[in-house]
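Worksheet for the structure shown next.
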Amino acid sequence: MYNNKFRAILFPVLLAAAVVLGMLINAAMSRQKIQIPMGKNSMAPMQGSKLDLILNMINYSYVDTVDIHKIEENAIPQILSDLDPHTVYIPAKDMQRVNEEMVGNFGGVGVQFYKYLDTVTVVKVVPGGPAEKAGLQDGDRIVRVNDSLVAGCNMETDAIMKLMRGEVGTEVTLTLARRGETKPLIKRVVRGNIPIKSVAVAYMVDDTTGLVKVNTFGMNTYNEFMQSLEKLSAQGMKRVIVDLRDNEGGILPVAIQMINEFLPEGRLILYTQGKAAPRMDYNSNGRGQYKELPLEVLINDFSASASEIFAGAIQDNDRGTIIGRRSFGKGLVQEQRVLPDGSALRLTVARYYIPSGRSIQKPYDQGKEKYYSDIYERIMHGEFLQKDSIHFDENLKFKTIGGRTVYGGGGVMPDVFVPNDTSGYSDYLVEVSRKKQLLYEYTFEFMDKHRQEMKDIKDYKQLLEYLERFDLVDEMADYAVRYGVKRDVKGIRTSHVILETTIKAFIGRHVLDDDGFFPIYYMDDKTIKRALEV
């Protein structure tokens, strides 16, 4: 037994070491035919590297039967572990999800749902989608998806989503419970292309200022962005705030297209360069529709990659004002290379440099763990609260086109620093919103009670007028008591503005999706208020 345990521990370690060693010397080996013993009297010729030899030796000659595919899958991340943090292997099983995010759609029925008290409830039916055509309504309870029971069985949300999604054109049968109906309803829905919005919301903050919040840079983002700007222009927009906070990036050419809309002809947007990739410059073509529109860009610590390109190009060309907190610091370019089995390697092939010549990539030479814990380190030494806590390397000093000093070496530092707003926080707020999600679940119950009254509300301003008749914070506190959270008078008083705003914003999402959520949630946003002052 001891030997078996020892072998179980030692074998993966030796295998990983051998795989890594094989990769390192792979380039030095010439490919030649090697004889691999298959048994007592059989030999199998094989062409390949040392890595190929090791895997084939294990496959053909190892004492026990092994899953060679599983060994390969486990070894590849180990091989990549000493490279940069953004070179990653994507297993074939994850490729559909990854591609959906980039392409901007997926095959599904077209509903947003939430599992409330172990009941799958339709929060919002996508307008014009398959579910709406089949007759589903907001508030319907989904009991079964095909033959699978999803109500009252504590099924994970991801598992429910897998049942609902599928190939476009295929049919799914939903068994529903609906208020006012005594018998279950059976709806057959033909799955269709469901869009994933990359522009979350576009609305007028005041009479002349439009705000466009971009969640990611996907295949459809440029078109969504231009449609948003056109809509706001028709509403009287004279200046625009582009909100890239928490935007982790996406497709580089899409970001370049969007930046081009704001720059005169011949301005450098960025250039890329790598060991096997000669320098390539990307310049504006002068055909942008918003070259004169006053512009502010919002960023924070989780704005990364294409978001940083956008902010950096605008800053280095002195085209607009960057507001918020220092961005993440990802300045590496990846190419996604598909492998024969449908998996892919997202390989870093170059660095990108914004117009001043600076790289915004933060160091990664001390390992991935330290690289990703950098945000935590920033919090600990006070960067979220004090601009003065940020120190730049004087050797990485650059100039914008107008002669202003900017720094490389890790993210884009905004022109106007806005500290993280910690006012109004309390233990009570944490308990009802994060630990137990009671804040959101209360709004779900509220929506269920008043759905019919709110069905004709068209915008967030109408919704706010309707909600004035309720003491939402007091009702929420009563709801929380039912689930074991005692009233905390001091905590409620301290966090009253945040609680009320968040409750109204969640109800806004139930009624109007993101068009109802963000305009309410951002009403007291300090970074947006600072942008309006600029």
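We name chains A, B, ... following the order of the structure tokens; residues begin at 1 in each chain, and ligands are numbered from 1 as shown.
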
Write out as a CSV table (one decimal) with N, CA and C atoms, in the first residue's frame each polymer residue whose atoms come within 7 Å of A:Leu185, counting only C-alpha atoms; drop sequence neighbours fewer than 6 positions from it.
chain,number,residue,atom,x,y,z
A,175,THR,N,-41.5,23.7,-18.7
A,175,THR,CA,-42.7,23.5,-17.9
A,175,THR,C,-42.8,24.7,-16.9
A,176,LEU,N,-43.8,25.5,-16.9
A,176,LEU,CA,-43.9,26.7,-16.1
A,176,LEU,C,-45.0,26.7,-15.1
A,177,ALA,N,-44.8,27.5,-14.0
A,177,ALA,CA,-45.9,27.8,-13.1
A,177,ALA,C,-46.1,29.3,-13.2

Subject >> Shell around stretch 508-516 of chain A at 6 Å using only C-alpha atoms, local window under 2 positions removed, as a list of chain:residue names >> reply: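 The filter keeps A:Val201, A:Tyr460, A:Ala505, A:Phe506, A:Phe518.
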
**OP:** Would you please work out which residue, of A:Leu429, A:Leu252, A:Ile90, A:Val168, is nearest to A:Gly110 when using only C-alpha atoms?
**Re:**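 For A:Gly110, the nearest of the given residues is A:Val168.
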
**OP:** Check the smallest atom-to-atom distance from each of A:Ile401, A:Ala344, A:Leu232, A:Leu136 to A:Asp316 using only C-alpha atoms, then report the winner.
**Re:**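 Looking at the shortest contact to A:Asp316, the residue is A:Ile401.
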
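The space separating atom CA of A:Arg287 from atom CA of A:Leu263 comes to 8.6 Å.
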
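Nearest to A:Asn99 of all the residues A:Ile309, A:Arg404, A:Met219, A:Lys362 is A:Met219, counting only C-alpha atoms.
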
**OP:** Just list the residues in stretch 103-255 of chain A DSSP gives alpha helix (DSSP H) on the backbone, as a PyMOL selection string.
**Re:** chain A and resi 103+130-134+157-164+221-234+252-255

**OP:** Write out as a ChimeraX atom specification the residues lying within 10 Å of A:Leu83, counting only C-alpha atoms and excluding same-chain residues fewer than 6 positions away.
**Re:** /A:347-348,364-365,367-368

Store the residues picked out above, limited to N, CA, C and O atoms, as a CSV table (one decimal), in the first residue's frame.
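For reference, result36.csv as written:
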chain,number,residue,atom,x,y,z
A,347,LEU,N,-1.5,32.8,-26.8
A,347,LEU,CA,-0.1,33.0,-26.7
A,347,LEU,C,0.3,34.4,-26.8
A,347,LEU,O,-0.1,35.1,-27.7
A,348,THR,N,1.1,34.9,-25.8
A,348,THR,CA,1.6,36.3,-25.9
A,348,THR,C,2.7,36.4,-27.0
A,348,THR,O,3.7,35.7,-26.9
A,364,TYR,N,6.1,41.2,-14.1
A,364,TYR,CA,5.5,39.8,-13.8
A,364,TYR,C,6.7,38.8,-13.6
A,364,TYR,O,6.5,37.6,-13.6
A,365,ASP,N,7.9,39.4,-13.3
A,365,ASP,CA,9.0,38.5,-13.2
A,365,ASP,C,9.1,37.8,-11.8
A,365,ASP,O,10.0,37.0,-11.6
A,367,GLY,N,6.5,36.0,-10.5
A,367,GLY,CA,5.5,34.9,-10.5
A,367,GLY,C,4.1,35.4,-10.6
A,367,GLY,O,3.8,36.6,-10.3
A,368,LYS,N,3.2,34.5,-11.0
A,368,LYS,CA,1.8,34.9,-11.3
A,368,LYS,C,1.1,35.3,-10.0
A,368,LYS,O,0.2,36.1,-10.0

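Candidate residues A:Pro414, A:Pro264, A:Gly491, A:Pro519 were compared for distance to A:Asp459, and the nearest is A:Pro519, using only C-alpha atoms.
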
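Straight-line separation from atom CA of A:Lys490 to atom CA of A:Asp427: 10.0 Å.
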
**OP:** Using DSSP on the backbone, list every residue of stretch 280-421 of chain A that comes out as strand (DSSP E or B), and give them as a PyMOL selection string.
**Re:** chain A and resi 280-283+295-299+321-324+332-338+344-353+397-399+405-407+416-417
